[in-house]
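Participant: Here's a structure for you.
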Amino acid sequence: MADEETPVIEFVPIAAIDPAAVEQLLDHAFGRDRHLRTAYRIREGMAAIPELSFAAVEDGALLGTIQCWPIRFAGDDGVDVPMVQLGPVAVDPARQQGGIGRALTAHALAAAETVGLAEAITLIGDPEYYQRFFGFDASRTAAWRVPGPVERHRLLARGAGVPDGAGMLGPRITVIA
């Protein structure tokens, strides 16, 4: 029997992938109406953070992607906290349940640590999954507002810089004076 090489999943910057292929995967994973979701409205108009956005590729085939976005928390008390929104994590439906999404998330979070952007990360997702594997929870998000509907228990955050008060999540727009 010949010695067969097992395909290896590689994580590459999402910028190395054809944007049309990324969009097709996202449509396949989440539906064409995904742009109407609250998570998309929170980061509206922002470009993904290149250092935190990756693709999972095996033998040249796109299996999954993760993107992270610059957002902000505008506190009712005047505090303005730069944050990172993690997601979407998209995996080809034929390859789901194989750990690709978890590996992509771990890769993005490790990159966030490396570049100093891990102090305040938020996402909208399954609390049991993201708590168990990555330490996200909803303990500080109860008074947060978002530009659309959200199931409160799914609005999660992690990091020492996560604000614990009332305020609004939205795009991080930096004005240069």
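By convention in this document, the chains of the structure tokens carry letters A, B, ... by their order, each chain's residues are numbered from 1, and ligands are numbered from 1 in the order they are shown.
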Among segment 19-161 of chain A, which residues does DSSP mark as strand (DSSP E or B) when it is run on the backbone? Keep the chain and numbering as in the structure and answer as JSON, numbers by chain.

Facilitator: {"A": [54, 55, 56, 57, 58, 61, 62, 63, 64, 65, 66, 67, 68, 69, 70, 71, 72, 73, 74, 75, 80, 81, 82, 83, 84, 85, 86, 87, 88, 89, 90, 91, 121, 122, 123, 124, 137, 144, 145, 155, 156, 157, 158]}

Participant: With only C-alpha atoms as the counted atoms, please give the residues lying no more than 9 Å from segment 87-103 of chain A, apart from itself and same-chain residues fewer than 2 positions off, as a PyMOL selection string.

Facilitator: chain A and resi 9+25-26+28-30+39+56+62-69+85+105-108+123-125+133

Participant: Write out as a PyMOL selection string the residues lying within 9 Å of segment 135-150 of chain A, counting only C-alpha atoms and excluding same-chain residues fewer than 4 positions away.

Facilitator: chain A and resi 37-39+41-42+73+75+121-124+127-131+154-159+162-170

Participant: Using DSSP on the backbone coordinates, identify all residues within segment 24-119 of chain A classified as helix (DSSP H, G or I); present the result as a PyMOL selection string.

Facilitator: chain A and resi 24-30+32-36+38-42+50-52+93-95+100-114

Participant: Using only C-alpha atoms, which residue out of A:Met46, A:Ala74, A:Val8, A:Ala120 lies closest to Ala160 of chain A?

Facilitator: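 The closest residue to Ala160 of chain A is A:Ala120.
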
Participant: Could you name the residues that touch Val12 of chain A at 9 Å or less, counting only C-alpha atoms, but leaving out those on the same chain fewer than 4 positions away, as a ChimeraX atom specification?

Facilitator: /A:16-17,53-57
